[in-house]
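Content type CSV, C-alpha atoms and all ligand atoms, from the file work_30.csv:
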chain,number,residue,atom,x,y,z
D,1,MET,CA,6.4,-13.0,-14.4
D,2,GLU,CA,7.4,-9.5,-13.3
D,3,ALA,CA,7.4,-8.6,-9.6
D,4,ASP,CA,4.6,-6.3,-8.6
D,5,ILE,CA,5.5,-4.5,-5.4
D,6,THR,CA,4.0,-1.2,-4.4
D,7,LEU,CA,5.2,0.9,-1.5
D,8,VAL,CA,2.7,3.6,-0.4
D,9,CYS,CA,4.0,6.3,2.0
D,10,GLY,CA,2.3,9.2,3.6
D,11,SER,CA,1.2,10.6,6.9
D,12,THR,CA,-2.1,9.8,8.5
D,13,GLY,CA,-5.2,10.7,6.7
D,14,THR,CA,-3.5,11.5,3.4
D,15,GLY,CA,-5.3,8.8,1.4
D,16,LYS,CA,-3.0,5.8,1.5
D,17,SER,CA,-5.6,3.1,2.3
D,18,THR,CA,-8.0,4.5,-0.1
D,19,PHE,CA,-5.4,4.4,-2.8
D,20,VAL,CA,-4.6,0.8,-2.0
D,21,ALA,CA,-8.3,-0.2,-2.0
D,22,GLY,CA,-8.6,1.3,-5.5
D,23,ARG,CA,-5.9,-1.0,-6.8
D,24,ILE,CA,-7.6,-4.2,-5.7
D,25,GLY,CA,-10.1,-6.0,-7.9
D,26,ALA,CA,-13.3,-7.1,-6.4
D,27,ARG,CA,-12.6,-10.8,-7.1
D,28,GLU,CA,-8.9,-10.9,-6.6
D,29,ARG,CA,-7.5,-13.2,-3.9
D,30,LEU,CA,-6.5,-10.9,-1.0
D,31,ALA,CA,-4.8,-11.1,2.3
D,32,VAL,CA,-4.5,-8.0,4.4
D,33,TRP,CA,-2.4,-7.4,7.6
D,34,ASP,CA,-5.0,-5.1,9.1
D,35,LEU,CA,-4.4,-4.3,12.8
D,36,LYS,CA,-7.0,-1.5,12.7
D,37,ALA,CA,-9.6,-3.9,11.2
D,38,GLU,CA,-10.6,-1.3,8.6
D,39,TYR,CA,-10.6,-3.2,5.3
D,40,GLY,CA,-13.8,-5.1,6.2
D,41,ARG,CA,-15.7,-1.8,6.4
D,42,THR,CA,-15.1,-0.8,2.8
D,43,MET,CA,-14.2,-4.0,0.9
D,44,THR,CA,-15.6,-7.5,0.5
D,45,VAL,CA,-13.2,-9.3,2.8
D,46,VAL,CA,-13.6,-11.4,6.0
D,47,THR,CA,-11.9,-10.0,9.0
D,48,VAL,CA,-10.5,-12.6,11.4
D,49,GLU,CA,-8.6,-12.4,14.7
D,50,SER,CA,-7.4,-16.0,15.2
D,51,ARG,CA,-4.7,-18.0,13.5
D,52,ARG,CA,-7.1,-20.8,13.0
D,53,ALA,CA,-9.6,-18.6,11.2
D,54,LEU,CA,-6.9,-17.1,9.1
D,55,LEU,CA,-5.6,-20.5,8.0
D,56,ASP,CA,-9.1,-21.6,7.2
D,57,CYS,CA,-9.7,-18.7,4.8
D,58,LEU,CA,-6.3,-19.1,3.2
D,59,LYS,CA,-6.7,-22.8,2.7
D,60,HIS,CA,-9.7,-22.1,0.6
D,61,GLY,CA,-8.2,-19.2,-1.3
D,62,ARG,CA,-10.6,-16.8,0.3
D,63,ARG,CA,-10.2,-13.0,0.8
D,64,VAL,CA,-9.1,-12.3,4.4
D,65,ALA,CA,-8.0,-9.5,6.6
D,66,TYR,CA,-6.0,-10.5,9.7
D,67,SER,CA,-6.4,-8.4,12.8
D,68,PRO,CA,-4.8,-10.3,15.6
D,69,ARG,CA,-4.4,-9.6,19.3
D,70,GLY,CA,-1.1,-10.4,21.0
D,71,ASN,CA,2.4,-9.9,19.9
D,72,TYR,CA,2.3,-8.2,16.6
D,73,LYS,CA,5.7,-9.2,15.4
D,74,ASP,CA,5.1,-12.9,16.0
D,75,GLU,CA,1.7,-12.7,14.5
D,76,PHE,CA,3.1,-10.8,11.5
D,77,ALA,CA,5.7,-13.5,10.9
D,78,TYR,CA,2.9,-16.1,11.1
D,79,PHE,CA,0.7,-14.2,8.7
D,80,CYS,CA,3.5,-13.9,6.2
D,81,GLU,CA,4.4,-17.5,6.3
D,82,ALA,CA,0.8,-18.6,6.1
D,83,VAL,CA,0.1,-16.3,3.1
D,84,HIS,CA,3.2,-17.4,1.3
D,85,ALA,CA,2.2,-21.0,1.7
D,86,ALA,CA,-1.3,-20.4,0.6
D,87,ALA,CA,0.0,-18.6,-2.6
D,88,GLY,CA,1.7,-21.9,-3.4
D,89,MET,CA,-1.8,-23.6,-3.6
D,90,HIS,CA,-3.9,-20.7,-4.9
D,91,ARG,CA,-1.8,-18.5,-7.2
D,92,GLY,CA,-2.4,-14.8,-7.5
D,93,TYR,CA,-2.7,-13.7,-3.9
D,94,THR,CA,-2.4,-9.9,-3.3
D,95,VAL,CA,-0.9,-9.1,0.1
D,96,VAL,CA,-1.4,-5.8,1.8
D,97,VAL,CA,0.5,-4.8,4.9
D,98,GLU,CA,-0.7,-1.7,6.7
D,99,GLU,CA,1.8,0.3,8.7
D,100,LEU,CA,5.0,-1.5,8.0
D,101,ALA,CA,6.9,0.5,10.7
D,102,ASP,CA,4.9,-1.4,13.4
D,103,VAL,CA,6.1,-4.8,12.3
D,104,THR,CA,9.4,-4.2,10.5
D,105,SER,CA,12.5,-2.1,11.2
D,106,PRO,CA,15.0,-0.3,8.9
D,107,GLY,CA,17.1,-3.3,8.6
D,108,LYS,CA,16.4,-6.3,6.4
D,109,ALA,CA,12.8,-7.5,6.2
D,110,PRO,CA,11.8,-10.2,8.8
D,111,ASP,CA,12.1,-13.7,7.3
D,112,ALA,CA,8.8,-14.6,5.8
D,113,TRP,CA,8.1,-11.0,4.7
D,114,GLY,CA,11.4,-10.9,3.0
D,115,VAL,CA,10.6,-14.2,1.2
D,116,ILE,CA,7.3,-12.7,0.0
D,117,ILE,CA,9.1,-9.6,-1.4
D,118,ARG,CA,12.0,-11.4,-3.0
D,119,ARG,CA,10.3,-14.5,-4.2
D,120,GLY,CA,6.6,-13.9,-4.1
D,121,ARG,CA,6.5,-13.4,-7.9
D,122,ASP,CA,7.2,-17.1,-8.3
D,123,ARG,CA,3.8,-17.6,-6.9
D,124,ALA,CA,2.2,-14.8,-8.8
D,125,MET,CA,1.9,-12.7,-5.6
D,126,ARG,CA,1.3,-9.0,-5.6
D,127,VAL,CA,2.5,-6.9,-2.7
D,128,LEU,CA,1.3,-3.5,-1.4
D,129,GLY,CA,3.1,-2.1,1.7
D,130,VAL,CA,1.9,1.0,3.5
D,131,THR,CA,3.7,3.2,5.9
D,132,GLN,CA,3.6,6.6,7.6
D,133,ARG,CA,7.2,6.3,8.6
D,134,PRO,CA,9.3,5.0,5.7
D,135,SER,CA,12.6,5.8,7.3
D,136,GLU,CA,11.6,3.3,10.1
D,137,SER,CA,10.3,0.6,7.8
D,138,ASP,CA,12.2,-2.2,6.2
D,139,LYS,CA,14.5,-1.5,3.3
D,140,THR,CA,13.8,-4.7,1.5
D,141,ILE,CA,10.5,-3.4,0.1
D,142,VAL,CA,12.1,-0.1,-0.8
D,143,GLY,CA,14.8,-1.8,-2.7
D,144,ASN,CA,12.5,-4.2,-4.5
D,145,ARG,CA,9.5,-2.0,-5.2
D,146,THR,CA,8.2,-1.6,-8.7
D,147,LEU,CA,5.9,1.3,-7.8
D,148,LEU,CA,6.5,4.0,-5.3
D,149,VAL,CA,3.7,6.2,-4.2
D,150,CYS,CA,4.2,9.1,-1.8
D,151,PHE,CA,1.6,11.3,-0.2
D,152,GLN,CA,2.6,14.1,2.1
D,153,LEU,CA,5.3,13.3,4.7
D,154,PRO,CA,5.7,16.2,7.1
D,155,ARG,CA,8.5,14.7,9.1
D,156,GLU,CA,11.8,15.8,7.5
D,157,GLN,CA,13.5,12.5,8.2
D,158,ASP,CA,10.9,10.6,6.2
D,159,ALA,CA,10.6,13.1,3.4
D,160,ALA,CA,14.3,13.3,2.9
D,161,TYR,CA,14.6,9.5,2.8
D,162,ILE,CA,11.9,9.2,0.1
D,163,ALA,CA,13.2,12.2,-1.8
D,164,ARG,CA,16.5,10.3,-2.2
D,165,GLU,CA,14.5,7.3,-3.5
D,166,PHE,CA,12.8,9.4,-6.1
D,167,ALA,CA,16.1,10.8,-7.3
D,168,VAL,CA,16.4,10.1,-11.0
D,169,PRO,CA,18.2,12.3,-13.5
D,170,ASP,CA,16.4,15.4,-14.4
D,171,VAL,CA,13.9,15.2,-11.6
D,172,ALA,CA,14.5,17.4,-8.6
D,173,LEU,CA,12.0,16.1,-6.2
D,174,THR,CA,13.0,17.8,-3.0
D,175,THR,CA,12.3,17.0,0.6
D,176,LYS,CA,10.3,20.3,0.9
D,177,LYS,CA,8.1,19.3,-2.0
D,178,ILE,CA,7.2,16.0,-0.3
D,179,GLN,CA,6.7,17.8,3.1
D,180,GLY,CA,4.3,20.3,1.4
D,181,LEU,CA,2.1,18.0,-0.7
D,182,GLU,CA,-1.5,18.8,-0.5
D,183,ARG,CA,-3.8,16.2,1.0
D,184,TYR,CA,-4.6,13.3,-1.5
D,185,CYS,CA,-1.9,14.5,-3.9
D,186,HIS,CA,0.9,12.1,-4.4
D,187,TYR,CA,4.1,11.5,-6.3
D,188,VAL,CA,4.3,8.3,-8.3
D,189,GLN,CA,7.4,6.5,-9.6
D,190,VAL,CA,7.2,3.5,-11.8
D,191,SER,CA,10.2,1.2,-12.1
D,192,GLY,CA,11.4,2.7,-15.3
D,193,GLY,CA,12.2,5.9,-13.4
D,194,PHE,CA,9.3,7.9,-14.6
D,195,VAL,CA,8.1,10.3,-11.9
D,196,GLY,CA,4.8,12.1,-11.9
D,197,VAL,CA,2.5,13.9,-9.5
D,198,ARG,CA,-1.2,13.3,-9.3
D,199,ASP,CA,-3.9,15.3,-7.8
D,200,GLY,CA,-5.7,12.4,-6.3
D,201,ARG,CA,-8.8,14.2,-5.1
D,202,PHE,CA,-12.0,12.4,-5.9
D,203,PRO,CA,-14.6,12.0,-7.1
D,204,ARG,CA,-13.2,13.2,-10.4
D,205,ARG,CA,-16.1,14.4,-12.5
D,206,PRO,CA,-16.3,12.5,-15.7
D,207,ALA,CA,-15.2,14.4,-18.8
D,208,ALA,CA,-18.8,14.4,-20.2
D,209,ALA,CA,-20.1,16.1,-17.0
D,210,ARG,CA,-17.4,18.7,-17.2
D,211,ARG,CA,-18.2,19.5,-20.8
D,212,ALA,CA,-21.9,19.7,-20.0
D,213,ARG,CA,-21.3,22.1,-17.2
D,214,LYS,CA,-19.2,24.4,-19.5
D,215,THR,CA,-21.9,24.5,-22.2
D,216,ASN,CA,-24.5,25.3,-19.5
D,217,VAL,CA,-22.7,28.4,-18.3
D,218,LYS,CA,-24.5,31.5,-19.2
D,219,LYS,CA,-22.3,34.3,-20.6
Q,301,LIG,N1,-8.5,11.0,-3.2
Q,301,LIG,C1,-9.4,11.3,-2.2
Q,301,LIG,N2,-10.3,12.3,-2.4
Q,301,LIG,C2,-11.2,12.6,-1.4
Q,301,LIG,N3,-11.2,12.0,-0.2
Q,301,LIG,C3,-10.3,11.0,0.1
Q,301,LIG,C4,-9.3,10.6,-0.9
Q,301,LIG,N4,-8.6,9.7,-0.4
Q,301,LIG,C5,-9.0,9.5,0.8
Q,301,LIG,N5,-10.0,10.3,1.1
Q,301,LIG,C6,-10.7,10.3,2.4
Q,301,LIG,O1,-9.8,10.8,3.4
Q,301,LIG,C7,-9.9,10.0,4.6
Q,301,LIG,C8,-8.6,9.4,4.9
Q,301,LIG,O2,-8.3,8.4,3.9
Q,301,LIG,P1,-7.4,7.1,4.2
Q,301,LIG,O3,-8.1,6.3,5.3
Q,301,LIG,O4,-7.3,6.4,2.9
Q,301,LIG,O5,-6.1,7.7,4.7
Q,301,LIG,P2,-4.8,7.0,5.3
Q,301,LIG,O6,-3.6,7.7,4.7
Q,301,LIG,O7,-4.9,5.5,5.0
Q,301,LIG,O8,-4.9,7.3,6.8
Q,301,LIG,P3,-4.3,6.4,8.1
Q,301,LIG,O9,-2.9,6.7,8.1
Q,301,LIG,O10,-5.0,7.0,9.2
Q,301,LIG,O11,-4.6,5.0,7.8
Q,301,LIG,C9,-11.0,9.0,4.4
Q,301,LIG,O12,-12.2,9.6,4.9
Q,301,LIG,C10,-11.2,9.0,2.9
Q,301,LIG,O13,-12.5,8.7,2.5
Q,302,MG,MG,-4.9,3.9,6.3
Since I need it in another form, could you write the structure as structure tokens?
Amino acid sequence: MEADITLVCGSTGTGKSTFVAGRIGARERLAVWDLKAEYGRTMTVVTVESRRALLDCLKHGRRVAYSPRGNYKDEFAYFCEAVHAAAGMHRGYTVVVEELADVTSPGKAPDAWGVIIRRGRDRAMRVLGVTQRPSESDKTIVGNRTLLVCFQLPREQDAAYIAREFAVPDVALTTKKIQGLERYCHYVQVSGGFVGVRDGRFPRRPAAARRARKTNVKK
């Protein structure tokens, strides 16, 4: 099977988590690295704080968001190992990691996270990584991504980094354009090289409603 790895970048409040939530099916197996404990508010997922509770959910193939206390980097390594192991028993886990720059650095991905990115597809895993500071997050996910999504990045260092990643022939996606994206708008690049920009504002009014409104307008 094909790898399915999405990297979502953007500064705070631009719509990253909302985008991610929109890509997760209601019944899909799910494991979220969720320090802010926000996924449980909008999605059907159990939020846990202890390793034991995490393992219990994973053992049964349940949806879980992990929001640990303590040393984030150790906990992150533990989370990744546990999820990778669980995906060996229950195929088809989707893993979401919020704010990669907190738990990874620009070098190679930490061990278990690297394993998920490079070999997760053997276990039918899907990966979604989220970051406000791509230039400070791990390069493994950047290099292996199959979908790149970029909301506004005001910091030049981050915008320039991602602009380089978007660089495909005939598409001049400049640092300035990424810095100046409007809220909820995002650039998208699929692995074939196609780049597009989407106005992500919602709710989009269904086409039928738009047509109805037009015909109602009095001239
Ligand atoms: N496409 C959209 N259209 C309208 N409102 C949106 C859209 N996407 C997100 N929002 C709203 O904007 C706010 C911020 O969205 P979200 O939490 O997804 O941003 P974020 O990038 O994940 O922020 P943070 O970096 O703080 O985690 C939320 O209140 C959300 O409901
Ligand atoms: Mg968010």
### Message
How would you report the residues lying within 12 Å of ligand LIG 301 (chain Q), as an MDAnalysis selection string, if you count all atoms listed in the file?
### Response
chainID D and resid 8:22 34:39 41:42 97:101 129:133 149:153 182:186 198:205
## Note on the structure
One residue among D:Ala167, D:Val96, D:Ile141, D:Asp111 is nearest to ligand MG 302 (chain Q) when using all atoms listed in the file, and that residue is D:Val96
Selection near Glu49 in chain D, 12 Å with all atoms listed in the file, sequence-local residues under 3 positions removed, as a compact mmCIF listing (two decimals) with C-alpha atoms, keeping the file's coordinate frame:
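And here is the file that came out, result_0.txt:
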# COMPACT_ATOMS: atom_id res chain seq x y z
CA VAL D 32 -4.50 -8.00 4.40
CA TRP D 33 -2.40 -7.40 7.60
CA ASP D 34 -5.00 -5.10 9.10
CA LEU D 35 -4.40 -4.30 12.80
CA LYS D 36 -7.00 -1.50 12.70
CA ALA D 37 -9.60 -3.90 11.20
CA VAL D 46 -13.60 -11.40 6.00
CA ARG D 52 -7.10 -20.80 13.00
CA ALA D 53 -9.60 -18.60 11.20
CA LEU D 54 -6.90 -17.10 9.10
CA LEU D 55 -5.60 -20.50 8.00
CA ASP D 56 -9.10 -21.60 7.20
CA CYS D 57 -9.70 -18.70 4.80
CA VAL D 64 -9.10 -12.30 4.40
CA ALA D 65 -8.00 -9.50 6.60
CA TYR D 66 -6.00 -10.50 9.70
CA SER D 67 -6.40 -8.40 12.80
CA PRO D 68 -4.80 -10.30 15.60
CA ARG D 69 -4.40 -9.60 19.30
CA GLY D 70 -1.10 -10.40 21.00
CA TYR D 72 2.30 -8.20 16.60
CA GLU D 75 1.70 -12.70 14.50
CA PHE D 79 0.70 -14.20 8.70
### Query
How far is it from CA of Met1 in chain D to CA of Met125 in chain D, in Å with one decimal?
9.9 Å
### Message
Please compute the CA of Pro110 in chain D-CA of Val188 in chain D distance, one decimal, in Å.
### Response
26.3 Å
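Interatomic distance, CA of Ala31 in chain D to CA of Tyr187 in chain D: 25.8 Å.
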### Query
Can you tell me, as number ranges by chain, what residues are no more than 9 Å from Arg123 in chain D when counting only C-alpha atoms, ignoring any on the same chain fewer than 4 positions away?
D: 84, 87-93, 119
Could you take the residues named above and write them with C-alpha atoms, as a compact mmCIF listing (two decimals), in the coordinates of the input?
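The resulting file, selection-v2.txt, is shown below:
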# COMPACT_ATOMS: atom_id res chain seq x y z
CA HIS D 84 3.20 -17.40 1.30
CA ALA D 87 0.00 -18.60 -2.60
CA GLY D 88 1.70 -21.90 -3.40
CA MET D 89 -1.80 -23.60 -3.60
CA HIS D 90 -3.90 -20.70 -4.90
CA ARG D 91 -1.80 -18.50 -7.20
CA GLY D 92 -2.40 -14.80 -7.50
CA TYR D 93 -2.70 -13.70 -3.90
CA ARG D 119 10.30 -14.50 -4.20
Polymer residues at most 10 Å from range 154-165 of chain D, all atoms listed in the file, same-chain spacing of 6 or more positions, as a compact mmCIF listing (two decimals) with C-alpha atoms, in the frame of the given file:
# COMPACT_ATOMS: atom_id res chain seq x y z
CA CYS D 9 4.00 6.30 2.00
CA GLY D 10 2.30 9.20 3.60
CA SER D 11 1.20 10.60 6.90
CA GLN D 132 3.60 6.60 7.60
CA ARG D 133 7.20 6.30 8.60
CA PRO D 134 9.30 5.00 5.70
CA SER D 135 12.60 5.80 7.30
CA GLU D 136 11.60 3.30 10.10
CA VAL D 142 12.10 -0.10 -0.80
CA GLY D 143 14.80 -1.80 -2.70
CA LEU D 148 6.50 4.00 -5.30
CA ALA D 172 14.50 17.40 -8.60
CA LEU D 173 12.00 16.10 -6.20
CA THR D 174 13.00 17.80 -3.00
CA THR D 175 12.30 17.00 0.60
CA LYS D 176 10.30 20.30 0.90
CA LYS D 177 8.10 19.30 -2.00
CA ILE D 178 7.20 16.00 -0.30
CA GLN D 179 6.70 17.80 3.10
CA GLY D 180 4.30 20.30 1.40
CA LEU D 181 2.10 18.00 -0.70
CA GLN D 189 7.40 6.50 -9.60
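Checking D:Arg51, D:Asp74, D:Leu128, D:Asp138 one by one against Leu7 in chain D, counting all atoms listed in the file, you find the shortest gap at D:Leu128.
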Spatial neighbours of Arg118 in chain D, max dist 9 Å, all atoms listed in the file, sep filter under 4 positions, as an mmCIF file with C-alpha atoms, keeping the file's coordinate frame:
data_model
loop_
_atom_site.group_PDB
_atom_site.id
_atom_site.type_symbol
_atom_site.label_atom_id
_atom_site.label_comp_id
_atom_site.auth_asym_id
_atom_site.auth_seq_id
_atom_site.Cartn_x
_atom_site.Cartn_y
_atom_site.Cartn_z
ATOM 1 C CA ALA D 3 7.400 -8.600 -9.600
ATOM 2 C CA TRP D 113 8.100 -11.000 4.700
ATOM 3 C CA GLY D 114 11.400 -10.900 3.000
ATOM 4 C CA THR D 140 13.800 -4.700 1.500
ATOM 5 C CA ILE D 141 10.500 -3.400 0.100
ATOM 6 C CA ASN D 144 12.500 -4.200 -4.500
#
